[in-house]
$ cat protein30.cif   # mmCIF, C-alpha atoms
data_start
#
loop_
_atom_site.label_atom_id
_atom_site.label_comp_id
_atom_site.auth_asym_id
_atom_site.auth_seq_id
_atom_site.Cartn_x
_atom_site.Cartn_y
_atom_site.Cartn_z
CA VAL A 1 210.60 143.98 117.37
CA ALA A 2 213.53 144.59 119.72
CA VAL A 3 212.52 146.83 122.61
CA ASP A 4 215.07 148.98 124.43
CA TYR A 5 214.18 148.73 128.13
CA SER A 6 217.19 150.77 129.31
CA LEU A 7 215.38 153.81 130.71
CA TYR A 8 211.68 153.16 131.16
CA LEU A 9 209.56 156.10 132.31
CA VAL A 10 206.38 155.33 134.30
CA THR A 11 204.08 158.34 134.60
CA ASP A 12 202.47 159.61 137.79
CA ARG A 13 200.52 162.84 137.52
CA ASP A 14 200.34 163.21 141.30
CA ILE A 15 204.05 163.97 141.63
CA LEU A 16 204.30 166.28 138.64
CA GLY A 17 205.29 169.78 139.69
CA GLU A 18 202.45 172.27 140.15
CA GLY A 19 201.05 173.44 136.83
CA ARG A 20 203.19 171.10 134.75
CA ASP A 21 201.71 169.23 131.82
CA LEU A 22 202.00 165.43 131.73
CA ILE A 23 202.58 165.09 128.01
CA GLN A 24 205.15 167.87 128.08
CA ALA A 25 207.03 166.19 130.95
CA VAL A 26 207.07 162.87 129.09
CA CYS A 27 208.40 164.53 125.94
CA ASP A 28 211.08 166.30 127.99
CA ALA A 29 212.13 162.95 129.45
CA VAL A 30 212.23 161.33 126.02
CA ARG A 31 214.42 164.14 124.75
CA GLY A 32 216.82 163.32 127.59
CA GLY A 33 217.05 159.65 126.64
CA VAL A 34 214.01 157.72 127.91
CA THR A 35 213.62 154.63 125.71
CA LEU A 36 210.13 153.43 126.69
CA VAL A 37 207.07 155.04 128.30
CA GLN A 38 204.27 153.62 130.45
CA LEU A 39 201.13 155.70 130.91
CA ARG A 40 199.61 155.04 134.32
CA GLU A 41 196.28 156.68 135.25
CA LYS A 42 194.10 155.52 138.10
CA ARG A 43 191.38 158.14 138.40
CA LEU A 44 190.60 159.45 134.91
CA SER A 45 187.34 158.57 133.21
CA SER A 46 187.75 156.09 130.38
CA ARG A 47 187.13 158.87 127.86
CA ASP A 48 189.75 161.16 129.39
CA PHE A 49 192.27 158.30 129.62
CA TYR A 50 191.57 157.42 125.98
CA ASN A 51 192.02 160.99 124.80
CA LEU A 52 195.22 161.47 126.81
CA ALA A 53 196.67 158.17 125.59
CA LEU A 54 195.80 159.03 121.99
CA ALA A 55 197.52 162.43 122.27
CA LEU A 56 200.60 160.93 123.94
CA LYS A 57 200.83 158.17 121.36
CA LYS A 58 200.88 160.75 118.57
CA LYS A 59 203.87 162.49 120.22
CA LEU A 60 205.76 159.27 120.96
CA VAL A 61 205.29 157.81 117.48
CA SER A 62 206.99 160.89 116.09
CA MET A 63 209.85 160.42 118.59
CA ASN A 64 210.04 156.70 117.85
CA VAL A 65 209.53 155.60 121.48
CA PRO A 66 207.01 152.83 122.30
CA LEU A 67 204.02 153.52 124.55
CA ILE A 68 202.73 151.00 127.06
CA ILE A 69 199.44 151.39 128.93
CA ASN A 70 199.18 150.45 132.61
CA ASP A 71 196.38 148.07 133.66
CA ARG A 72 193.72 149.15 131.15
CA LEU A 73 193.71 146.72 128.24
CA ASP A 74 190.69 148.52 126.76
CA ILE A 75 192.66 151.75 126.45
CA ALA A 76 195.67 149.88 125.03
CA LEU A 77 193.47 148.29 122.35
CA ALA A 78 191.53 151.48 121.65
CA ILE A 79 194.67 153.49 120.82
CA ASP A 80 196.61 150.54 119.40
CA ALA A 81 199.37 151.03 121.97
CA ASP A 82 202.63 149.11 121.70
CA GLY A 83 201.83 147.21 124.84
CA LEU A 84 200.14 146.72 128.19
CA HIS A 85 201.60 146.47 131.68
CA VAL A 86 199.67 144.55 134.32
CA GLY A 87 200.20 144.16 138.03
CA GLN A 88 199.16 141.30 140.27
CA GLU A 89 195.81 143.07 140.89
CA ASP A 90 195.07 143.57 137.19
CA LEU A 91 193.91 141.15 134.50
CA PRO A 92 195.78 137.80 134.54
CA VAL A 93 198.76 137.81 132.16
CA ASN A 94 197.51 134.90 130.06
CA ILE A 95 194.21 136.72 129.41
CA ALA A 96 196.07 139.94 128.63
CA ARG A 97 198.39 138.13 126.23
CA SER A 98 195.53 136.41 124.48
CA LEU A 99 193.57 139.67 124.01
CA MET A 100 196.60 141.79 123.06
CA GLY A 101 197.79 139.24 120.51
CA PRO A 102 201.23 137.67 120.14
CA GLU A 103 202.99 140.75 118.73
CA LYS A 104 202.31 143.30 121.48
CA ILE A 105 204.43 143.93 124.56
CA VAL A 106 202.83 142.56 127.74
CA GLY A 107 204.67 143.40 130.96
CA LEU A 108 204.04 142.12 134.47
CA SER A 109 204.96 143.50 137.90
CA VAL A 110 206.48 140.88 140.17
CA ASN A 111 207.82 140.88 143.68
CA THR A 112 208.77 137.23 144.10
CA LEU A 113 210.57 134.55 142.10
CA GLU A 114 207.40 132.50 141.97
CA GLN A 115 205.47 135.38 140.39
CA ALA A 116 208.33 135.83 137.94
CA ARG A 117 208.32 132.21 136.82
CA GLU A 118 204.51 132.17 136.54
CA GLY A 119 204.53 135.40 134.55
CA GLU A 120 207.11 134.16 132.10
CA GLN A 121 205.16 130.95 131.54
CA ALA A 122 201.89 132.87 131.14
CA GLY A 123 203.28 134.87 128.24
CA ALA A 124 204.78 138.07 129.67
CA SER A 125 207.24 139.90 127.37
CA TYR A 126 209.17 141.36 130.28
CA LEU A 127 209.01 141.56 134.06
CA GLY A 128 209.06 144.66 136.24
CA ILE A 129 210.76 143.62 139.47
CA GLY A 130 210.18 145.68 142.54
CA PRO A 131 210.12 147.57 144.61
CA VAL A 132 213.91 147.32 144.69
CA PHE A 133 214.17 149.92 147.44
CA TYR A 134 211.65 151.44 149.84
CA THR A 135 209.60 154.02 147.97
CA GLN A 136 206.58 156.21 148.57
CA THR A 137 205.40 156.17 144.97
CA LYS A 138 203.20 153.13 145.15
CA THR A 139 201.05 152.50 148.17
CA ASP A 140 201.58 148.80 148.17
CA ILE A 141 202.75 146.53 150.91
CA ASP A 142 205.30 144.47 149.00
CA GLU A 143 208.65 143.99 150.70
CA PRO A 144 211.58 145.62 148.90
CA VAL A 145 213.43 143.06 146.79
CA GLY A 146 216.86 144.60 147.34
CA VAL A 147 219.69 144.84 144.82
CA GLU A 148 221.31 141.50 145.65
CA LYS A 149 218.18 139.49 144.93
CA LEU A 150 217.87 140.96 141.44
CA LYS A 151 220.64 138.55 140.42
CA LEU A 152 218.42 135.65 141.47
CA PHE A 153 215.64 136.88 139.20
CA LYS A 154 218.16 137.10 136.40
CA LYS A 155 219.28 133.52 137.03
CA ASN A 156 215.73 132.14 137.12
CA THR A 157 214.16 133.82 134.09
CA SER A 158 214.95 134.27 130.44
CA ILE A 159 212.88 137.32 129.40
CA PRO A 160 213.89 141.00 129.75
CA LEU A 161 213.94 142.29 133.32
CA VAL A 162 213.34 145.84 134.48
CA ALA A 163 214.03 146.96 138.05
CA ILE A 164 211.63 149.48 139.61
CA GLY A 165 211.18 151.28 142.90
CA GLY A 166 213.41 153.88 144.46
CA ILE A 167 216.05 153.82 141.74
CA ASN A 168 218.03 157.05 141.39
CA LEU A 169 221.41 158.40 140.34
CA ASN A 170 223.04 157.10 143.53
CA ASN A 171 222.09 153.44 143.15
CA LEU A 172 221.72 153.13 139.37
CA GLU A 173 225.22 151.72 138.91
CA ASP A 174 224.58 149.02 141.54
CA VAL A 175 221.34 147.98 139.82
CA LYS A 176 223.10 147.87 136.48
CA GLN A 177 225.66 145.38 137.82
CA THR A 178 222.91 142.84 138.50
CA GLY A 179 222.29 142.27 134.79
CA MET A 180 218.94 144.01 134.47
CA ASP A 181 217.84 145.03 130.96
CA GLY A 182 216.68 148.38 132.22
CA VAL A 183 215.31 150.48 135.04
CA ALA A 184 211.82 151.87 135.40
CA ILE A 185 211.72 155.34 136.92
CA VAL A 186 208.74 157.19 138.33
CA SER A 187 209.61 160.01 140.72
CA GLY A 188 213.26 160.24 139.66
CA LEU A 189 211.99 161.71 136.41
CA MET A 190 208.42 162.91 136.93
CA ALA A 191 209.31 164.95 140.03
CA ALA A 192 212.64 166.25 138.70
CA GLN A 193 213.11 169.99 138.24
CA ASP A 194 214.98 169.36 135.01
CA VAL A 195 213.36 166.28 133.52
CA THR A 196 215.51 166.21 130.39
CA GLY A 197 218.72 166.63 132.38
CA ALA A 198 217.75 163.91 134.86
CA ALA A 199 216.99 161.48 132.02
CA ARG A 200 220.27 162.32 130.31
CA GLU A 201 222.29 161.66 133.48
CA MET A 202 220.54 158.33 134.00
CA ILE A 203 220.91 157.04 130.46
CA ASN A 204 224.57 158.08 130.45
CA ILE A 205 225.26 155.99 133.53
CA TRP A 206 223.24 153.08 132.15
CA LYS A 207 224.91 153.02 128.74
CA LYS A 208 228.44 153.61 130.11
CA ASN A 209 230.98 150.88 129.03
CA VAL B 1 170.14 137.38 118.51
CA ALA B 2 166.95 139.02 119.77
CA VAL B 3 167.52 140.65 123.15
CA ASP B 4 164.66 141.14 125.59
CA TYR B 5 165.18 144.60 127.12
CA SER B 6 161.94 144.54 129.13
CA LEU B 7 163.38 144.53 132.65
CA TYR B 8 167.05 145.47 132.65
CA LEU B 9 168.85 145.30 136.00
CA VAL B 10 171.84 147.61 136.54
CA THR B 11 173.89 146.68 139.60
CA ASP B 12 175.08 149.06 142.31
CA ARG B 13 176.85 147.48 145.26
CA ASP B 14 176.60 150.68 147.30
CA ILE B 15 172.83 150.39 147.72
CA LEU B 16 172.76 146.67 148.43
CA GLY B 17 171.43 145.97 151.89
CA GLU B 18 174.02 145.41 154.62
CA GLY B 19 175.69 142.02 154.35
CA ARG B 20 173.94 141.10 151.10
CA ASP B 21 175.84 139.44 148.29
CA LEU B 22 175.80 141.06 144.85
CA ILE B 23 175.65 137.86 142.83
CA GLN B 24 172.91 136.49 145.07
CA ALA B 25 170.85 139.68 144.65
CA VAL B 26 171.22 139.53 140.86
CA CYS B 27 170.11 135.89 140.81
CA ASP B 28 167.13 136.74 143.01
CA ALA B 29 166.16 139.49 140.57
CA VAL B 30 166.51 137.16 137.58
CA ARG B 31 164.28 134.62 139.28
CA GLY B 32 161.66 137.36 139.57
CA GLY B 33 161.77 138.16 135.87
CA VAL B 34 164.78 140.37 135.03
CA THR B 35 165.60 139.82 131.34
CA LEU B 36 169.04 141.47 131.07
CA VAL B 37 171.81 142.37 133.56
CA GLN B 38 174.45 145.11 133.53
CA LEU B 39 177.38 144.78 135.93
CA ARG B 40 178.57 148.21 136.99
CA GLU B 41 181.68 148.51 139.21
CA LYS B 42 183.63 151.71 139.67
CA ARG B 43 186.13 150.96 142.41
CA LEU B 44 187.18 147.33 142.13
CA SER B 45 190.65 146.42 140.93
CA SER B 46 190.69 144.99 137.42
CA ARG B 47 191.40 141.54 138.86
CA ASP B 48 188.48 141.69 141.30
CA PHE B 49 186.15 143.05 138.59
CA TYR B 50 187.28 140.23 136.27
CA ASN B 51 186.72 137.53 138.88
CA LEU B 52 183.30 138.91 139.84
CA ALA B 53 182.21 139.23 136.21
CA LEU B 54 183.38 135.69 135.49
CA ALA B 55 181.43 134.29 138.44
CA LEU B 56 178.30 136.27 137.54
CA LYS B 57 178.50 135.19 133.90
CA LYS B 58 178.58 131.53 134.95
CA LYS B 59 175.35 132.03 136.92
CA LEU B 60 173.60 134.01 134.19
CA VAL B 61 174.51 131.61 131.40
CA SER B 62 172.78 128.85 133.34
CA MET B 63 169.71 131.13 133.73
CA ASN B 64 169.84 132.12 130.06
CA VAL B 65 170.04 135.88 130.76
CA PRO B 66 172.62 138.03 128.92
CA LEU B 67 175.32 139.91 130.86
CA ILE B 68 176.49 143.38 129.84
CA ILE B 69 179.54 145.07 131.38
CA ASN B 70 179.48 148.78 132.20
CA ASP B 71 182.30 150.95 130.85
CA ARG B 72 185.14 148.41 130.96
CA LEU B 73 185.61 146.94 127.51
CA ASP B 74 188.65 145.00 128.78
CA ILE B 75 186.51 143.13 131.31
CA ALA B 76 183.80 142.53 128.70
CA LEU B 77 186.35 141.00 126.33
CA ALA B 78 188.15 139.07 129.06
CA ILE B 79 184.99 137.22 130.16
CA ASP B 80 183.40 137.16 126.69
CA ALA B 81 180.37 139.05 127.98
CA ASP B 82 177.29 139.46 125.80
CA GLY B 83 177.85 143.17 125.59
CA LEU B 84 179.22 146.48 126.83
CA HIS B 85 177.43 149.59 127.99
CA VAL B 86 179.19 152.94 127.65
CA GLY B 87 178.30 156.39 128.90
CA GLN B 88 179.29 159.73 127.46
CA GLU B 89 182.43 159.70 129.66
CA ASP B 90 183.51 156.23 128.54
CA LEU B 91 185.12 155.01 125.31
CA PRO B 92 183.48 156.43 122.17
CA VAL B 93 180.76 154.12 120.80
CA ASN B 94 182.41 153.65 117.41
CA ILE B 95 185.63 152.46 119.09
CA ALA B 96 183.65 150.19 121.41
CA ARG B 97 181.72 148.72 118.49
CA SER B 98 184.86 148.12 116.50
CA LEU B 99 186.65 146.36 119.39
CA MET B 100 183.60 144.36 120.53
CA GLY B 101 182.84 143.16 117.01
CA PRO B 102 179.57 143.33 115.10
CA GLU B 103 177.78 140.56 117.03
CA LYS B 104 177.99 141.90 120.58
CA ILE B 105 175.53 144.23 122.28
CA VAL B 106 176.88 147.78 122.64
CA GLY B 107 174.66 150.15 124.60
CA LEU B 108 175.00 153.89 125.10
CA SER B 109 173.65 156.25 127.76
CA VAL B 110 172.07 159.35 126.26
CA ASN B 111 170.37 162.40 127.69
CA THR B 112 169.63 164.37 124.51
CA LEU B 113 168.21 163.67 121.06
CA GLU B 114 171.52 164.68 119.51
CA GLN B 115 173.42 162.10 121.59
CA ALA B 116 170.79 159.52 120.60
CA ARG B 117 171.17 160.16 116.86
CA GLU B 118 174.97 160.18 117.12
CA GLY B 119 174.96 156.95 119.11
CA GLU B 120 172.72 155.18 116.64
CA GLN B 121 174.92 156.24 113.73
CA ALA B 122 178.09 155.23 115.62
CA GLY B 123 176.88 151.65 115.97
CA ALA B 124 175.02 151.39 119.29
CA SER B 125 172.73 148.36 119.64
CA TYR B 126 170.40 150.19 122.03
CA LEU B 127 170.15 153.45 123.90
CA GLY B 128 169.68 153.98 127.62
CA ILE B 129 167.71 157.23 127.94
CA GLY B 130 167.86 159.08 131.20
CA PRO B 131 167.56 160.06 133.82
CA VAL B 132 163.80 159.99 133.21
CA PHE B 133 163.09 161.25 136.74
CA TYR B 134 165.23 162.86 139.42
CA THR B 135 167.31 160.17 141.09
CA GLN B 136 170.08 159.91 143.63
CA THR B 137 171.64 156.80 142.14
CA LYS B 138 174.00 158.46 139.71
CA THR B 139 175.86 161.57 140.75
CA ASP B 140 175.58 163.23 137.38
CA ILE B 141 174.27 166.62 136.49
CA ASP B 142 172.09 165.69 133.52
CA GLU B 143 168.61 167.20 133.48
CA PRO B 144 165.79 164.67 133.82
CA VAL B 145 164.33 163.82 130.43
CA GLY B 146 160.77 163.38 131.69
CA VAL B 147 158.22 160.86 130.47
CA GLU B 148 156.74 163.00 127.69
CA LYS B 149 160.04 163.48 125.91
CA LEU B 150 160.62 159.71 125.71
CA LYS B 151 158.13 159.72 122.83
CA LEU B 152 160.41 162.11 120.92
CA PHE B 153 163.35 159.72 121.31
CA LYS B 154 161.09 156.96 120.00
CA LYS B 155 160.16 159.06 116.96
CA ASN B 156 163.77 160.00 116.16
CA THR B 157 165.54 156.65 116.47
CA SER B 158 165.11 153.13 115.18
CA ILE B 159 167.08 150.97 117.65
CA PRO B 160 165.81 149.56 120.96
CA LEU B 161 165.30 152.15 123.70
CA VAL B 162 165.53 151.62 127.45
CA ALA B 163 164.39 154.23 129.94
CA ILE B 164 166.46 154.64 133.13
CA GLY B 165 166.44 156.79 136.23
CA GLY B 166 163.90 156.86 139.02
CA ILE B 167 161.57 154.30 137.49
CA ASN B 168 159.44 152.39 140.00
CA LEU B 169 156.10 150.63 140.38
CA ASN B 170 154.25 153.94 140.47
CA ASN B 171 155.46 155.33 137.14
CA LEU B 172 156.23 152.13 135.23
CA GLU B 173 152.89 152.13 133.41
CA ASP B 174 153.43 155.73 132.22
CA VAL B 175 156.89 154.88 130.88
CA LYS B 176 155.50 151.84 129.10
CA GLN B 177 152.97 153.99 127.22
CA THR B 178 155.81 155.92 125.54
CA GLY B 179 156.85 152.92 123.46
CA MET B 180 160.10 152.07 125.22
CA ASP B 181 161.48 148.55 124.68
CA GLY B 182 162.28 148.25 128.35
CA VAL B 183 163.21 149.89 131.62
CA ALA B 184 166.55 149.81 133.38
CA ILE B 185 166.26 149.59 137.14
CA VAL B 186 168.95 150.21 139.74
CA SER B 187 167.67 151.00 143.23
CA GLY B 188 164.12 149.72 142.58
CA LEU B 189 165.64 146.25 142.57
CA MET B 190 169.07 146.41 144.25
CA ALA B 191 167.71 148.17 147.34
CA ALA B 192 164.46 146.18 147.56
CA GLN B 193 163.81 144.04 150.64
CA ASP B 194 162.33 141.33 148.43
CA VAL B 195 164.29 141.52 145.21
CA THR B 196 162.50 138.62 143.53
CA GLY B 197 159.08 139.99 144.45
CA ALA B 198 159.94 143.49 143.24
CA ALA B 199 161.17 142.12 139.89
CA ARG B 200 158.02 140.01 139.54
CA GLU B 201 155.72 142.99 140.14
CA MET B 202 157.63 145.07 137.59
CA ILE B 203 157.71 142.48 134.84
CA ASN B 204 154.02 141.76 135.36
CA ILE B 205 153.14 145.42 134.81
CA TRP B 206 155.49 145.62 131.81
CA LYS B 207 154.18 142.51 130.07
CA LYS B 208 150.50 143.23 130.81
CA ASN B 209 148.33 143.35 127.63
#
$ encode --input "protein30.cif" --output "structure tokens"
Amino acid sequence: VAVDYSLYLVTDRDILGEGRDLIQAVCDAVRGGVTLVQLREKRLSSRDFYNLALALKKKLVSMNVPLIINDRLDIALAIDADGLHVGQEDLPVNIARSLMGPEKIVGLSVNTLEQAREGEQAGASYLGIGPVFYTQTKTDIDEPVGVEKLKLFKKNTSIPLVAIGGINLNNLEDVKQTGMDGVAIVSGLMAAQDVTGAAREMINIWKKN
Amino acid sequence: VAVDYSLYLVTDRDILGEGRDLIQAVCDAVRGGVTLVQLREKRLSSRDFYNLALALKKKLVSMNVPLIINDRLDIALAIDADGLHVGQEDLPVNIARSLMGPEKIVGLSVNTLEQAREGEQAGASYLGIGPVFYTQTKTDIDEPVGVEKLKLFKKNTSIPLVAIGGINLNNLEDVKQTGMDGVAIVSGLMAAQDVTGAAREMINIWKKN
């Protein structure tokens, strides 16, 4: 199945505006043009994560947008999600691939060319490269990759590439020029006042030409 | 496969003595007579949990004692553990059973007769009933079941039953009289000065007569 990585929303309930509903925000973003959604939850009980993922899947199926679960392969299997995204601190990609089966999407976060090559060989469907810019969304210590180096990742891999980390309306065009298959956005969408409008602006820039 | 539930160790790294190694403590307990081990980790990254579970499994296989993973079905699948234990806040038992397959052990924590009947119908291999006594190990709000009521669980179910919560050398004999298939011990073993000796005393009382 061909996946459209153009505008990839990664959720973060901590930066949602006060009193706003996560599923509602995701649906608003999809209405604006988001092509792929990753549900990321770090503190919910397994039951709450399962119930939330099940409810979100129901919405996204009806909107024809794939749902990917962050880190938790058990939740991905339990709701029959379209895929799983793992980081370097999560299950190894080869294990994730083997348990998800050959048909599902398995994404991997990478920060270096070595991680990218290893991930591709281990069976990743796509790579999330980042952070591209400095960002406060993730509390990790990885050095920003920078826009220029994205071209090196493109040259050294042959699976879809998604740039993540600090991407917004001001630098989206620059990222696009590096040959990425898409951009993953957290705060640029989840913290936006007008989620649908923000998604629409981004997808318009991305699909231009 | 017949499982011996007699003396079921549930790990808790927070009550391990200063500087003590988790895997070492588990092995010490097994040498004393523990018949089954549940690895319970709530704050490790998925990668660290996976690596720890893999290392512990290697040890336990060589000692011929089954390993059950708490909550995280992904870790259980990834290391091909002997089973999974879920609580009421974890994945539903029927989902866990379906993803683990018919051969694996799937345990469920219950506090009421209704939960016990539901769990048995949903495909649980055994039930962990508790807390039997007041305990500070788990920060839950469930009312203690008490020793007397264990007999009611025995009367109303037909799968193996394990009592958990505040069980120690002083009340072990009373619990045994209720017809339980075993006792699950957290602090009585993990916090013991002499883990092997504590396990030996417990299994001797349990297997007496």
$ closest_residue --input "protein30.cif" --among "B:Gly87, B:Pro66, B:Gly32, B:Gly19" --to "chain A" --atoms "all atoms listed in the file"
B:Gly87
$ residues_around --input "protein30.cif" --residues "region 167-176 of chain B" --least-positions-apart "2" --cutoff "9 Å" --atoms "all atoms listed in the file" --output "number ranges by chain"
B: 132-133, 135, 147-148, 150, 163-165, 178-188, 198, 201-202, 205-206
$ atom_distance --input "protein30.cif" --atom1 "CA of Met63 (chain B)" --atom2 "CA of Asp80 (chain B)"
16.5 Å
$ closest_atom_pairs --input "protein30.cif" --of "chain A" --to "chain B" --cutoff "6 Å" --atoms "all atoms listed in the file" --output "CSV"
residue,atom,partner,partner_atom,distance
A:Ser46,CA,B:Asp90,CA,4.6
A:Arg47,CA,B:Asp90,CA,4.5
A:Leu73,CA,B:Asp74,CA,5.4
A:Asp74,CA,B:Asp74,CA,4.5
A:Glu89,CA,B:Arg47,CA,5.1
A:Asp90,CA,B:Arg47,CA,4.5
A:Leu91,CA,B:Arg47,CA,5.0
$ write_last_selection --input "protein30.cif" --atoms "C-alpha atoms" --output "mmCIF file, keeping the file's coordinate frame"
data_model
loop_
_atom_site.group_PDB
_atom_site.id
_atom_site.type_symbol
_atom_site.label_atom_id
_atom_site.label_comp_id
_atom_site.auth_asym_id
_atom_site.auth_seq_id
_atom_site.Cartn_x
_atom_site.Cartn_y
_atom_site.Cartn_z
ATOM 1 C CA SER A 46 187.750 156.090 130.380
ATOM 2 C CA ARG A 47 187.130 158.870 127.860
ATOM 3 C CA LEU A 73 193.710 146.720 128.240
ATOM 4 C CA ASP A 74 190.690 148.520 126.760
ATOM 5 C CA GLU A 89 195.810 143.070 140.890
ATOM 6 C CA ASP A 90 195.070 143.570 137.190
ATOM 7 C CA LEU A 91 193.910 141.150 134.500
#
$ resolve_selection --input "protein30.cif" --expression "the PyMOL selection byres ((chain A and resi 152-157) around 9)" --output "list in words"
Thr112, Leu113, Ala116, Arg117, Glu120, Ile129, Glu148, Lys149, Leu150, Lys151, Ser158, Ile159, Pro160, Leu161, Thr178, Gly179 and Met180 of chain A
$ closest_residue --input "protein30.cif" --among "B:Gly83, B:Gly33, B:Gly107, B:Gly128" --to "Leu189 (chain B)" --atoms "all atoms listed in the file"
B:Gly33
$ resolve_selection --input "protein30.cif" --expression "the PyMOL selection byres ((chain B and resi 84) around 6)" --output "list in words"
Ile68, Ile69, Asn70, Gly83, His85 and Val106 of chain B
$ axis_aligned_box --input "protein30.cif" --around "region 11-16 of chain B" --padding-each-side "3 Å" --output "JSON"
{"center_x": 174.8, "center_y": 148.7, "center_z": 144.0, "size_x": 10.1, "size_y": 10.0, "size_z": 14.8}
$ decode --input "protein30.cif" --residues "region 20-26 of chain B" --atoms "all heavy atoms" --output "PDB file, in the first residue's frame"
ATOM      1  N   ARG B  20      21.451  -3.634  45.268  1.00  0.00           N
ATOM      2  CA  ARG B  20      21.221  -5.028  44.892  1.00  0.00           C
ATOM      3  C   ARG B  20      20.703  -5.134  43.470  1.00  0.00           C
ATOM      4  O   ARG B  20      19.961  -4.292  42.996  1.00  0.00           O
ATOM      5  CB  ARG B  20      20.296  -5.705  45.897  1.00  0.00           C
ATOM      6  CG  ARG B  20      21.065  -6.003  47.196  1.00  0.00           C
ATOM      7  CD  ARG B  20      20.202  -6.629  48.247  1.00  0.00           C
ATOM      8  NE  ARG B  20      19.479  -7.775  47.744  1.00  0.00           N
ATOM      9  CZ  ARG B  20      18.272  -8.117  48.177  1.00  0.00           C
ATOM     10  NH1 ARG B  20      17.663  -7.372  49.077  1.00  0.00           N
ATOM     11  NH2 ARG B  20      17.684  -9.190  47.702  1.00  0.00           N
ATOM     12  N   ASP B  21      21.104  -6.185  42.801  1.00  0.00           N
ATOM     13  CA  ASP B  21      20.750  -6.397  41.401  1.00  0.00           C
ATOM     14  C   ASP B  21      19.456  -7.206  41.289  1.00  0.00           C
ATOM     15  O   ASP B  21      19.289  -8.222  41.969  1.00  0.00           O
ATOM     16  CB  ASP B  21      21.904  -7.134  40.706  1.00  0.00           C
ATOM     17  CG  ASP B  21      21.586  -7.425  39.251  1.00  0.00           C
ATOM     18  OD1 ASP B  21      21.494  -6.461  38.470  1.00  0.00           O
ATOM     19  OD2 ASP B  21      21.399  -8.613  38.918  1.00  0.00           O
ATOM     20  N   LEU B  22      18.569  -6.761  40.413  1.00  0.00           N
ATOM     21  CA  LEU B  22      17.258  -7.399  40.279  1.00  0.00           C
ATOM     22  C   LEU B  22      17.372  -8.854  39.838  1.00  0.00           C
ATOM     23  O   LEU B  22      16.755  -9.746  40.423  1.00  0.00           O
ATOM     24  CB  LEU B  22      16.397  -6.613  39.289  1.00  0.00           C
ATOM     25  CG  LEU B  22      14.966  -7.122  39.133  1.00  0.00           C
ATOM     26  CD1 LEU B  22      14.094  -6.626  40.260  1.00  0.00           C
ATOM     27  CD2 LEU B  22      14.377  -6.711  37.801  1.00  0.00           C
ATOM     28  N   ILE B  23      18.145  -9.078  38.795  1.00  0.00           N
ATOM     29  CA  ILE B  23      18.260 -10.446  38.277  1.00  0.00           C
ATOM     30  C   ILE B  23      18.883 -11.371  39.318  1.00  0.00           C
ATOM     31  O   ILE B  23      18.442 -12.508  39.507  1.00  0.00           O
ATOM     32  CB  ILE B  23      19.070 -10.461  36.953  1.00  0.00           C
ATOM     33  CG1 ILE B  23      18.241  -9.790  35.850  1.00  0.00           C
ATOM     34  CG2 ILE B  23      19.460 -11.886  36.562  1.00  0.00           C
ATOM     35  CD1 ILE B  23      18.883  -9.794  34.479  1.00  0.00           C
ATOM     36  N   GLN B  24      19.879 -10.851  40.035  1.00  0.00           N
ATOM     37  CA  GLN B  24      20.514 -11.641  41.086  1.00  0.00           C
ATOM     38  C   GLN B  24      19.503 -12.007  42.176  1.00  0.00           C
ATOM     39  O   GLN B  24      19.456 -13.155  42.640  1.00  0.00           O
ATOM     40  CB  GLN B  24      21.687 -10.841  41.687  1.00  0.00           C
ATOM     41  CG  GLN B  24      22.516 -11.624  42.691  1.00  0.00           C
ATOM     42  CD  GLN B  24      23.109 -12.882  42.059  1.00  0.00           C
ATOM     43  OE1 GLN B  24      23.756 -12.816  41.027  1.00  0.00           O
ATOM     44  NE2 GLN B  24      22.871 -14.043  42.676  1.00  0.00           N
ATOM     45  N   ALA B  25      18.677 -11.029  42.572  1.00  0.00           N
ATOM     46  CA  ALA B  25      17.685 -11.280  43.620  1.00  0.00           C
ATOM     47  C   ALA B  25      16.674 -12.335  43.176  1.00  0.00           C
ATOM     48  O   ALA B  25      16.282 -13.203  43.952  1.00  0.00           O
ATOM     49  CB  ALA B  25      16.971  -9.970  43.983  1.00  0.00           C
ATOM     50  N   VAL B  26      16.255 -12.252  41.908  1.00  0.00           N
ATOM     51  CA  VAL B  26      15.305 -13.239  41.390  1.00  0.00           C
ATOM     52  C   VAL B  26      15.936 -14.637  41.419  1.00  0.00           C
ATOM     53  O   VAL B  26      15.309 -15.608  41.853  1.00  0.00           O
ATOM     54  CB  VAL B  26      14.843 -12.877  39.964  1.00  0.00           C
ATOM     55  CG1 VAL B  26      14.023 -14.011  39.363  1.00  0.00           C
ATOM     56  CG2 VAL B  26      14.040 -11.580  39.975  1.00  0.00           C
TER      57      VAL B  26
END
